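Trainee: Dumping the structure here so I can ask a few things about it.
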Amino acid sequence: MSPAAVAAADPLKDPVCGMTVTPASPHSFEHEGRPFYFCCGGCKTKFAADPLRFLQPVVVEPPIEGATYTCPMHPEVREDHPAACPKCGMALEAEMPTLDEGENPELTDFRRRFVWTLPLTLAVFVLAMGGHRLHLFSGGTQSWIELPLTLPVVLWAGAPFFVRGVQSVIHRSPNMWTLIATGTSAAFAYSVVATVAPGLIPASFSSMGRVPVYFEAAAVIISLTLLGQLLELKARSQTSAAIKSLLGLAPKTARRVEIDGSEADVPLAAVQVGDMLRVRPGEKVPVDGVVLEGSSAVDESMLTGEPMPISKRIGDTLIGATLNTTGALLMSAAKVGSQTVLAGIVQMVVQAQRSKAPMQRMADRVAGYFVVTVVAIAGLTFVAWGLFGPEPRWVYGLINAVAVLIIACPCALGLATPMSIMVATGRAATQGVLFRDAAAIERLRDVDTLILDKTGTLTEGRPRFERAIAAEGYTDDEVLRLAASIDKASEHPLARAIVVAARERKLRLERVIEFDSSSGVGVSGRIGERSIALGNRALMQQAGVVIGALEAQAEALRAAGASVMFLAVDHQAVGLLAVSDPIKASTAEALATLKASGLRVIMASGDGLSTARQVAATLGIDEVHGEVKPADKLALVRKLQAEGRIVAMAGDGINDAPALAQADVGVAMGTGTDVAMNSAAVTLVKGDLRGIALARVISQQTISNMQQNLAFAFAYNALGVPLAAGVLYPFTGWLLSPMLAALAMSLSSVSVISNALRLRGAHLRK
C-alpha cells in the first residue's frame, strides 16, 4: 500500500502535538517496507507507521547518506538506516560518528516518553501504596481509577519495549526485551482482567475483600526501564568521544598556493593530490604531504603521543592535523580525504571498536540459553508459589514470576566486553596505538616473545649512504650509478638512500627492464644487455656470484654497524655499497621496558649477521638472526609457536608481512609500508617501540576491565534471580518487588558501562 493510501485510509496523529500526519513528499521514504510520515507541526516528528496501530509508531530519524549502522552488542548486524537490532533489540548506532550529528534520536524519544508519563506512574504508585490504607475507595473503584492512568504508560511509553519483545520472538532471538515485555504484559493483562471481569479470577487470588491489581508494578517497571535506557544511552554516547576528538583534529580549510603565486583559503575537501599548500606558524597541517620549502618544528603529539615537536625540513613528510609551531612551510599534498593518516586511524579505531573479543564468545553462548532458562525459572516460581506458598498463593506466584523475568536482564552480560573494547581502542588511538580488532587487545596481554626487524623498527628507517667501493675495472661513481638505477623501483629505505645519493652527485640513471625484487635479499634487472643484481650475500649466492676480495671490506663495514649490499654485473661482483641507519633515540628505553616486563626479545634482520650483531650488542639484545629472508622470518615465528610461545612480530616492510600475519600479534610501524600495516594487528603510528609497552599496558587494563564486567554480570544474575524467585522468604520473609527488580536491572547495565568508562582515565605508564 502506498503512503498516500495508508494516510487516506487511516490518518495518523502525531503523539506530541496531536496534528494529523501525512507523507510529505519528497521527504517521505520507506524503512523495511513501512512508509515513513513527517509531522508538519512545530515538533517536526519523524516516524514510521507501525503495523500494530494501537501501539505508538516508532520514532526514527532519516538515514545519514552513506552511513552504516551497527549494534554495539552484535557488530555483525549492519544496516544502512537507523533501526533496532534483530538479535538484542538495541538501537543501532552509526558506525562512523560525525562531528555535526545531533543527539541520539532514541534518547530523545525515550526522554519524551519518560517525562510525559512519569506523573501518571507516580499517581498510580501513590494510589496503590496508600489508597487502601486511607480507605478512600470501596470495592473495585480504585482499580478503575488506576486503569486509565496506567494505559498511557504501558501502551505508549512502553510501546518500544513490546515491539522489540515481539521482534525477539519473530527472529527467534530471545533477549532482555522478551523478559521485560513478558513480565509487564503479564502484570498488566492480569490487572485489566481483575478490574473489568473480577469474576474470572479464582477466589484464591482475592485479598482484603477485593481482587488485587498490579497496575503500579507495570507502570513503575516501564518508567524505571525507560530511566535505565536513558542512563545507558547517555553513557554509550561517551564511548565515541575518542573518535569525535580525532575527527575534530582536522582543520576545516587549507591555504592553497596557485601556479601564479596567489594564495587562497579553500575547504579541505577541495584539496587535491599535488596541490601546493602554505602552512603558517600556529596552523594545522591540512593533509598528508611533503615539505617543499622552509623548515619548522611540528607537534605530532595529537596523533603519535610523542610530546616533543619534530623538526621538519625540505623532503620530510608531514601528517595532516598535526600542528606547525614555529616556521612557515610550503608543502605538496600527497594524500587527501580517506587516504590520510588521520582518516586511516579513525577507520582502524572504528573497525576495532565494532569487532568482537574472543572473551565475548563465552558470554554469547551463555546469553543464548539464558533467556529460555529464565522463562523456565519464572514458570517454576509461579507454580511453586501457587502450590506451596502462603495465601494468596497464586498472587505471590504471579508477582515473584514477574520479578524473575524483570531482574534477569542479559543486557549487562552482552555489554560487558563491547563497552570496554570501545573505550580502550579510543584511548589507545589518542596515544598513537591502533588495534585492528578486539582479539588483538586480548591476545597482546599474553605475548611472551617479541621478534623485531631492524631497519625502520629498531633504527630510524631513514638510512644515509656512506660509501661505494668498486672492484677493479669500475669506479665508485659507476657502482653507485648502476646501483641507483636498479634501485629506482624499490620501496626499501636502503634503496631510497642510494638513489638520493646518486642524484645529489648528478649521476645519470639508466632505464631498467625485467626488474625483480626478491624481498629481503635484494633486487635484479637488466640495463641494456647487462644483467644487474644488487643485494646481500644470500642474493649473490643465489645468482652464483663469487664475492671474493670484497668480503673482507664488507665485514669491516658491517662491524662498524653499516648495512652492506653487493653489486654484480653479468654474474661478476663489481663493488659494494655501505648504508648506515641510525638507531632510534627511543629504542634503548623501549627495549629495557619490554625486557623488564618479562618479554623474550629477538632480532631478525635481512642485513648481514655482523651488522645485526653490532646493532644488537649496542641495544643489549642477546638473540640475533641475520641475513634472513621473509620465509626465514615466517619459519622463526612458526618454530617459536610450536614451542608454545605466544609471539609478537614487529616490522615495517613488505618483507615482514608474512611473519606479521603469522604471529599471534603482528605490530607494524606506522612509518612503514601499507602492506605491513595491513598484515598487522597493531599499528604504532609513530613507529616508536615504546608503543608496544604502552599497548601491553592498555591490553592488560582492558582485559581486567572486561573480566570485572563479566564477573559483575554473572554475579548479578546468580544472586538476583534466586532472590526474585523468593528463596529467602522461608528464612527471612524477604521478597523482591518487581519494581525494585526493574531498578536493579537498569542499574546493572549502567554499572557495566560506567566501569568501562574508567579506562579513559586509567594510568598508562608502568
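In the C-alpha cells, chains take the letters A, B, ... in the order shown, each chain's residues start at 1, and ligands count up from 1 in the order shown.
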Out of region 251-320 of chain A, which residues get strand (DSSP E) from DSSP, as a ChimeraX atom specification?

Mentor: /A:253-257,263-267,276-279,288-293,296-299,310-312,317-318

Trainee: Hey, can you spit out that residue selection with N, CA and C atoms as a CSV table (one decimal), in the first residue's frame?

Mentor:
```csv
chain,number,residue,atom,x,y,z
A,253,THR,N,39.9,24.2,6.7
A,253,THR,CA,40.3,24.8,5.4
A,253,THR,C,41.8,24.6,5.2
A,254,ALA,N,42.3,24.9,4.0
A,254,ALA,CA,43.7,24.8,3.7
A,254,ALA,C,44.0,26.1,2.9
A,255,ARG,N,45.3,26.5,3.0
A,255,ARG,CA,45.7,27.7,2.2
A,255,ARG,C,46.4,27.2,1.0
A,256,ARG,N,45.8,27.3,-0.2
A,256,ARG,CA,46.3,26.7,-1.4
A,256,ARG,C,47.1,27.8,-2.2
A,257,VAL,N,48.3,27.4,-2.7
A,257,VAL,CA,49.1,28.3,-3.5
A,257,VAL,C,48.9,28.0,-4.9
A,263,GLU,N,47.5,33.1,-3.3
A,263,GLU,CA,47.1,32.2,-2.2
A,263,GLU,C,45.6,32.5,-1.8
A,264,ALA,N,44.9,31.4,-1.5
A,264,ALA,CA,43.5,31.5,-1.1
A,264,ALA,C,43.2,30.3,-0.2
A,265,ASP,N,42.3,30.6,0.8
A,265,ASP,CA,41.8,29.6,1.7
A,265,ASP,C,40.7,28.8,1.0
A,266,VAL,N,40.8,27.5,1.0
A,266,VAL,CA,39.8,26.6,0.3
A,266,VAL,C,39.3,25.6,1.3
A,267,PRO,N,38.1,25.1,1.1
A,267,PRO,CA,37.7,24.0,2.0
A,267,PRO,C,38.6,22.8,1.9
A,276,MET,N,49.9,22.7,-4.0
A,276,MET,CA,50.8,23.3,-3.1
A,276,MET,C,50.1,24.1,-2.0
A,277,LEU,N,50.5,23.8,-0.7
A,277,LEU,CA,49.7,24.4,0.4
A,277,LEU,C,50.7,25.2,1.3
A,278,ARG,N,50.3,26.3,1.8
A,278,ARG,CA,51.0,27.1,2.7
A,278,ARG,C,50.6,26.8,4.1
A,279,VAL,N,51.5,26.5,5.0
A,279,VAL,CA,51.2,26.2,6.4
A,279,VAL,C,51.9,27.2,7.3
A,288,ASP,N,48.2,15.1,4.4
A,288,ASP,CA,49.5,14.5,4.4
A,288,ASP,C,50.3,15.0,3.2
A,289,GLY,N,51.6,15.2,3.4
A,289,GLY,CA,52.3,15.7,2.2
A,289,GLY,C,53.8,15.7,2.5
A,290,VAL,N,54.5,16.5,1.7
A,290,VAL,CA,56.0,16.6,1.7
A,290,VAL,C,56.4,18.1,1.8
A,291,VAL,N,57.4,18.4,2.6
A,291,VAL,CA,57.8,19.8,2.6
A,291,VAL,C,58.6,20.2,1.4
A,292,LEU,N,58.2,21.2,0.7
A,292,LEU,CA,58.8,21.7,-0.5
A,292,LEU,C,59.8,22.9,-0.2
A,293,GLU,N,59.4,23.6,0.9
A,293,GLU,CA,60.2,24.8,1.2
A,293,GLU,C,60.0,25.2,2.6
A,296,SER,N,60.6,23.9,10.0
A,296,SER,CA,59.8,24.2,11.2
A,296,SER,C,59.8,23.0,12.2
A,297,ALA,N,59.3,23.2,13.3
A,297,ALA,CA,59.1,22.1,14.3
A,297,ALA,C,57.6,21.8,14.3
A,298,VAL,N,57.2,20.6,14.1
A,298,VAL,CA,55.8,20.2,14.0
A,298,VAL,C,55.4,19.4,15.2
A,299,ASP,N,54.4,19.7,15.9
A,299,ASP,CA,53.9,19.0,17.1
A,299,ASP,C,53.0,17.9,16.6
A,310,ILE,N,58.7,17.7,16.2
A,310,ILE,CA,59.6,17.1,15.3
A,310,ILE,C,60.1,18.1,14.3
A,311,SER,N,61.4,18.2,14.1
A,311,SER,CA,62.0,19.1,13.1
A,311,SER,C,61.6,18.6,11.7
A,312,LYS,N,61.2,19.5,10.9
A,312,LYS,CA,60.8,19.2,9.5
A,312,LYS,C,61.6,20.1,8.6
A,317,THR,N,58.3,14.3,5.5
A,317,THR,CA,56.9,14.1,5.4
A,317,THR,C,56.1,14.8,6.5
A,318,LEU,N,54.9,15.2,6.2
A,318,LEU,CA,54.0,15.9,7.1
A,318,LEU,C,52.7,15.1,7.2
```

Trainee: Which polymer residues have any atom within 6 Å of an atom of Ala578 (chain A), counting only C-alpha atoms, with same-chain residues fewer than 3 positions away left out, as a PyMOL selection string?

Mentor: chain A and resi 466-467+562-564

Trainee: Please save N, CA, C and O atoms of the selected residues as a short mmCIF file (atom, residue, chain, number, x, y, z; two decimals), in the first residue's frame.

Mentor:
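Generated output (out00.cif):
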```cif
data_model
loop_
_atom_site.label_atom_id
_atom_site.label_comp_id
_atom_site.auth_asym_id
_atom_site.auth_seq_id
_atom_site.Cartn_x
_atom_site.Cartn_y
_atom_site.Cartn_z
N GLU A 466 76.72 5.82 2.88
CA GLU A 466 78.06 6.05 3.42
C GLU A 466 79.11 6.10 2.31
O GLU A 466 79.79 7.10 2.13
N ARG A 467 79.23 5.00 1.58
CA ARG A 467 80.25 4.97 0.54
C ARG A 467 80.03 3.80 -0.41
O ARG A 467 79.30 2.86 -0.10
N ALA A 562 77.27 -0.70 9.60
CA ALA A 562 76.67 -0.35 8.31
C ALA A 562 76.01 -1.56 7.67
O ALA A 562 76.42 -2.71 7.91
N SER A 563 75.00 -1.31 6.85
CA SER A 563 74.40 -2.35 6.03
C SER A 563 75.13 -2.38 4.69
O SER A 563 75.36 -1.32 4.09
N VAL A 564 75.49 -3.57 4.22
CA VAL A 564 76.30 -3.70 3.01
C VAL A 564 75.52 -4.45 1.94
O VAL A 564 74.90 -5.48 2.22
#
```

Trainee: Excluding Gly598 (chain A) and residues on its chain fewer than 6 positions from it, collect all residues at most 12 Å away from it, counting only C-alpha atoms, and give them as a ChimeraX atom specification.

Mentor: /A:445-450,591-592,693,696

Trainee: Could you please take those selected residues and save all heavy atoms as a compact mmCIF listing (two decimals), in the first residue's frame?

Mentor:
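Below is the file that was written, selection_16.txt:
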```txt
# COMPACT_ATOMS: atom_id res chain seq x y z
N ARG A 445 48.15 -9.22 25.68
CA ARG A 445 48.49 -9.36 27.09
C ARG A 445 49.27 -10.63 27.36
O ARG A 445 50.11 -10.70 28.27
CB ARG A 445 47.21 -9.35 27.92
CG ARG A 445 47.45 -9.39 29.42
CD ARG A 445 46.17 -9.62 30.19
NE ARG A 445 45.64 -10.96 29.96
CZ ARG A 445 44.84 -11.59 30.82
NH1 ARG A 445 44.47 -11.00 31.93
NH2 ARG A 445 44.39 -12.81 30.55
N ASP A 446 49.02 -11.68 26.57
CA ASP A 446 49.63 -12.99 26.81
C ASP A 446 50.95 -13.19 26.07
O ASP A 446 51.57 -14.25 26.21
CB ASP A 446 48.65 -14.10 26.40
CG ASP A 446 47.36 -14.04 27.20
OD1 ASP A 446 47.42 -13.71 28.40
OD2 ASP A 446 46.29 -14.31 26.62
N VAL A 447 51.37 -12.22 25.25
CA VAL A 447 52.60 -12.37 24.47
C VAL A 447 53.80 -12.52 25.40
O VAL A 447 53.94 -11.77 26.37
CB VAL A 447 52.79 -11.16 23.53
CG1 VAL A 447 54.21 -11.12 22.97
CG2 VAL A 447 51.78 -11.21 22.39
N ASP A 448 54.67 -13.51 25.11
CA ASP A 448 55.88 -13.68 25.92
C ASP A 448 57.16 -13.58 25.09
O ASP A 448 58.26 -13.61 25.64
CB ASP A 448 55.85 -15.02 26.66
CG ASP A 448 55.64 -16.21 25.73
OD1 ASP A 448 56.00 -16.13 24.54
OD2 ASP A 448 55.09 -17.24 26.19
N THR A 449 57.03 -13.49 23.74
CA THR A 449 58.20 -13.42 22.87
C THR A 449 57.97 -12.34 21.82
O THR A 449 56.90 -12.30 21.19
CB THR A 449 58.45 -14.76 22.16
OG1 THR A 449 58.61 -15.79 23.14
CG2 THR A 449 59.70 -14.69 21.30
N LEU A 450 58.95 -11.49 21.62
CA LEU A 450 58.85 -10.39 20.66
C LEU A 450 60.00 -10.48 19.66
O LEU A 450 61.17 -10.44 20.04
CB LEU A 450 58.89 -9.05 21.38
CG LEU A 450 58.91 -7.79 20.50
CD1 LEU A 450 57.64 -7.69 19.65
CD2 LEU A 450 59.08 -6.53 21.35
N LEU A 591 63.27 -1.07 24.66
CA LEU A 591 63.70 -2.45 24.87
C LEU A 591 63.90 -2.75 26.35
O LEU A 591 63.57 -3.85 26.82
CB LEU A 591 64.98 -2.71 24.09
CG LEU A 591 64.84 -2.75 22.56
CD1 LEU A 591 66.19 -2.93 21.90
CD2 LEU A 591 63.89 -3.88 22.14
N ALA A 592 64.43 -1.80 27.08
CA ALA A 592 64.62 -2.01 28.52
C ALA A 592 63.28 -2.23 29.21
O ALA A 592 63.14 -3.12 30.08
CB ALA A 592 65.35 -0.80 29.13
N ALA A 693 55.09 -1.35 24.59
CA ALA A 693 54.91 -1.40 26.04
C ALA A 693 53.61 -0.73 26.44
O ALA A 693 52.87 -1.22 27.31
CB ALA A 693 56.10 -0.71 26.73
N ARG A 696 50.70 -2.98 25.57
CA ARG A 696 50.55 -4.09 26.52
C ARG A 696 49.86 -3.64 27.80
O ARG A 696 49.03 -4.36 28.36
CB ARG A 696 51.92 -4.69 26.85
CG ARG A 696 52.41 -5.67 25.79
CD ARG A 696 53.84 -6.09 26.01
NE ARG A 696 54.10 -6.68 27.31
CZ ARG A 696 53.84 -7.95 27.65
NH1 ARG A 696 53.29 -8.76 26.75
NH2 ARG A 696 54.12 -8.41 28.84
```

Trainee: Residues near Gln167 (chain A), anyone? I mean within 9 Å using only C-alpha atoms, not counting same-chain ones fewer than 4 positions away, as a list in words.

Mentor: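 Once the adjacent positions are removed, what remains is Pro86, Lys87, Gly89, Phe162, Val163, His171, Arg172, Ser173, Pro174 and Thr178 of chain A.
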
Trainee: Generate a file of the selected residues that holds N, CA and C atoms, formatted as a PDB file, in the first residue's frame.

Mentor:
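As a result, selection13.pdb now contains:
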```
ATOM      1  N   PRO A  86      17.927  -6.864  15.368  1.00  0.00           N
ATOM      2  CA  PRO A  86      17.004  -8.003  15.406  1.00  0.00           C
ATOM      3  C   PRO A  86      17.391  -9.059  16.435  1.00  0.00           C
ATOM      4  N   LYS A  87      18.641  -9.007  16.943  1.00  0.00           N
ATOM      5  CA  LYS A  87      19.087 -10.016  17.896  1.00  0.00           C
ATOM      6  C   LYS A  87      18.859  -9.606  19.341  1.00  0.00           C
ATOM      7  N   GLY A  89      17.620  -6.130  20.170  1.00  0.00           N
ATOM      8  CA  GLY A  89      16.651  -5.049  20.294  1.00  0.00           C
ATOM      9  C   GLY A  89      17.248  -3.694  20.569  1.00  0.00           C
ATOM     10  N   PHE A 162       7.545  -3.422  23.942  1.00  0.00           N
ATOM     11  CA  PHE A 162       6.699  -4.515  23.468  1.00  0.00           C
ATOM     12  C   PHE A 162       7.000  -4.862  22.010  1.00  0.00           C
ATOM     13  N   VAL A 163       7.243  -3.837  21.201  1.00  0.00           N
ATOM     14  CA  VAL A 163       7.587  -4.089  19.792  1.00  0.00           C
ATOM     15  C   VAL A 163       8.863  -4.918  19.711  1.00  0.00           C
ATOM     16  N   HIS A 171      12.186 -13.205  15.423  1.00  0.00           N
ATOM     17  CA  HIS A 171      13.543 -13.513  14.955  1.00  0.00           C
ATOM     18  C   HIS A 171      14.170 -14.679  15.720  1.00  0.00           C
ATOM     19  N   ARG A 172      13.411 -15.282  16.642  1.00  0.00           N
ATOM     20  CA  ARG A 172      13.903 -16.402  17.438  1.00  0.00           C
ATOM     21  C   ARG A 172      15.214 -16.049  18.135  1.00  0.00           C
ATOM     22  N   SER A 173      15.229 -14.849  18.691  1.00  0.00           N
ATOM     23  CA  SER A 173      16.406 -14.374  19.403  1.00  0.00           C
ATOM     24  C   SER A 173      15.971 -13.754  20.717  1.00  0.00           C
ATOM     25  N   PRO A 174      15.592 -14.591  21.697  1.00  0.00           N
ATOM     26  CA  PRO A 174      15.117 -14.049  22.977  1.00  0.00           C
ATOM     27  C   PRO A 174      16.181 -13.203  23.654  1.00  0.00           C
ATOM     28  N   THR A 178      12.420  -9.573  25.599  1.00  0.00           N
ATOM     29  CA  THR A 178      11.489 -10.696  25.756  1.00  0.00           C
ATOM     30  C   THR A 178      11.032 -10.783  27.205  1.00  0.00           C
TER      31      THR A 178
END
```

Trainee: At what distance in Å, to one decimal, does CA of Gly761 (chain A) lie from CA of Gln708 (chain A)?

Mentor: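 CA of Gly761 (chain A) lies at a distance of 16.7 Å from CA of Gln708 (chain A).
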
Trainee: Interatomic distance between CA of Gly386 (chain A) and CA of Ala725 (chain A)?

Mentor: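 Distance between the two atoms: 12.4 Å.
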
Trainee: Which residues are close to Asp476 (chain A), i.e. within 10 Å by only C-alpha atoms, leaving aside same-chain residues fewer than 3 positions away? Reply as a PyMOL selection string.

Mentor: chain A and resi 467-471+479-481+574-577

Trainee: Which is closer to Thr150 (chain A) than all the others in A:Ile222, A:Ile170, A:Leu689, A:Ala194, using only C-alpha atoms?

Mentor: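 Nearest to Thr150 (chain A): A:Ile222.
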
Trainee: Figure out the distance between CA of Glu106 (chain A) and CA of Gln707 (chain A), please, to one decimal in Å.

Mentor: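 A separation of 29.4 Å between them.
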
Trainee: Just the residues within 10 Å of Ala495 (chain A), please, counting only C-alpha atoms, with nothing from its chain fewer than 3 positions along; format it as a list in words.

Mentor: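 Skipping anything fewer than 3 positions along the chain leaves Pro463, Phe465, Ala483, Ala484, Ser485, Ile486, Asp487, Lys488, Ala489, Ser490, Glu491, His492, Ile498, Val499, Val500, Gly522, Val523, Leu534 and Val579 of chain A.
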
Trainee: May I have the selected residues written with N, CA and C atoms, as a short mmCIF file (atom, residue, chain, number, x, y, z; two decimals), in the first residue's frame?

Mentor:
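Just written: again_33.cif:
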```cif
data_model
loop_
_atom_site.label_atom_id
_atom_site.label_comp_id
_atom_site.auth_asym_id
_atom_site.auth_seq_id
_atom_site.Cartn_x
_atom_site.Cartn_y
_atom_site.Cartn_z
N PRO A 463 67.90 5.58 6.19
CA PRO A 463 69.34 5.33 6.07
C PRO A 463 70.05 6.44 5.30
N PHE A 465 73.48 7.12 2.91
CA PHE A 465 74.51 6.48 2.11
C PHE A 465 75.89 6.84 2.67
N ALA A 483 73.85 0.94 -9.18
CA ALA A 483 73.02 0.53 -8.04
C ALA A 483 71.77 1.41 -7.93
N ALA A 484 71.93 2.72 -8.11
CA ALA A 484 70.78 3.62 -8.04
C ALA A 484 69.81 3.37 -9.18
N SER A 485 70.32 3.02 -10.35
CA SER A 485 69.45 2.73 -11.50
C SER A 485 68.54 1.55 -11.20
N ILE A 486 69.09 0.49 -10.63
CA ILE A 486 68.30 -0.71 -10.34
C ILE A 486 67.39 -0.50 -9.13
N ASP A 487 67.79 0.43 -8.24
CA ASP A 487 67.03 0.66 -7.01
C ASP A 487 65.89 1.66 -7.18
N LYS A 488 65.80 2.29 -8.34
CA LYS A 488 64.75 3.31 -8.52
C LYS A 488 63.36 2.76 -8.24
N ALA A 489 63.13 1.51 -8.57
CA ALA A 489 61.78 0.93 -8.44
C ALA A 489 61.57 0.22 -7.12
N SER A 490 62.57 0.24 -6.23
CA SER A 490 62.45 -0.47 -4.96
C SER A 490 61.83 0.43 -3.90
N GLU A 491 61.08 -0.19 -2.99
CA GLU A 491 60.45 0.55 -1.90
C GLU A 491 61.28 0.56 -0.62
N HIS A 492 62.38 -0.17 -0.60
CA HIS A 492 63.15 -0.33 0.63
C HIS A 492 63.85 0.97 1.02
N ILE A 498 70.32 5.18 -1.49
CA ILE A 498 71.26 5.06 -2.61
C ILE A 498 70.83 5.96 -3.77
N VAL A 499 69.54 5.97 -4.07
CA VAL A 499 69.03 6.79 -5.17
C VAL A 499 69.25 8.27 -4.88
N VAL A 500 68.97 8.69 -3.65
CA VAL A 500 69.16 10.09 -3.28
C VAL A 500 70.63 10.49 -3.42
N GLY A 522 67.28 -8.57 -1.98
CA GLY A 522 67.78 -7.59 -2.94
C GLY A 522 66.92 -7.48 -4.18
N VAL A 523 67.50 -6.87 -5.24
CA VAL A 523 66.77 -6.62 -6.49
C VAL A 523 67.65 -7.03 -7.67
N LEU A 534 71.69 -6.57 -7.19
CA LEU A 534 72.12 -5.76 -6.04
C LEU A 534 71.44 -6.31 -4.79
N VAL A 579 75.50 1.50 3.62
CA VAL A 579 74.47 2.45 4.05
C VAL A 579 74.29 2.28 5.56
#
```

Trainee: Contacts of region 663-672 of chain A at 8 Å or less, counting only C-alpha atoms, minus same-chain residues fewer than 5 places along, as a PyMOL selection string?

Mentor: chain A and resi 440+443-444+447+456-457+637-638+646-653+677+679-688+692
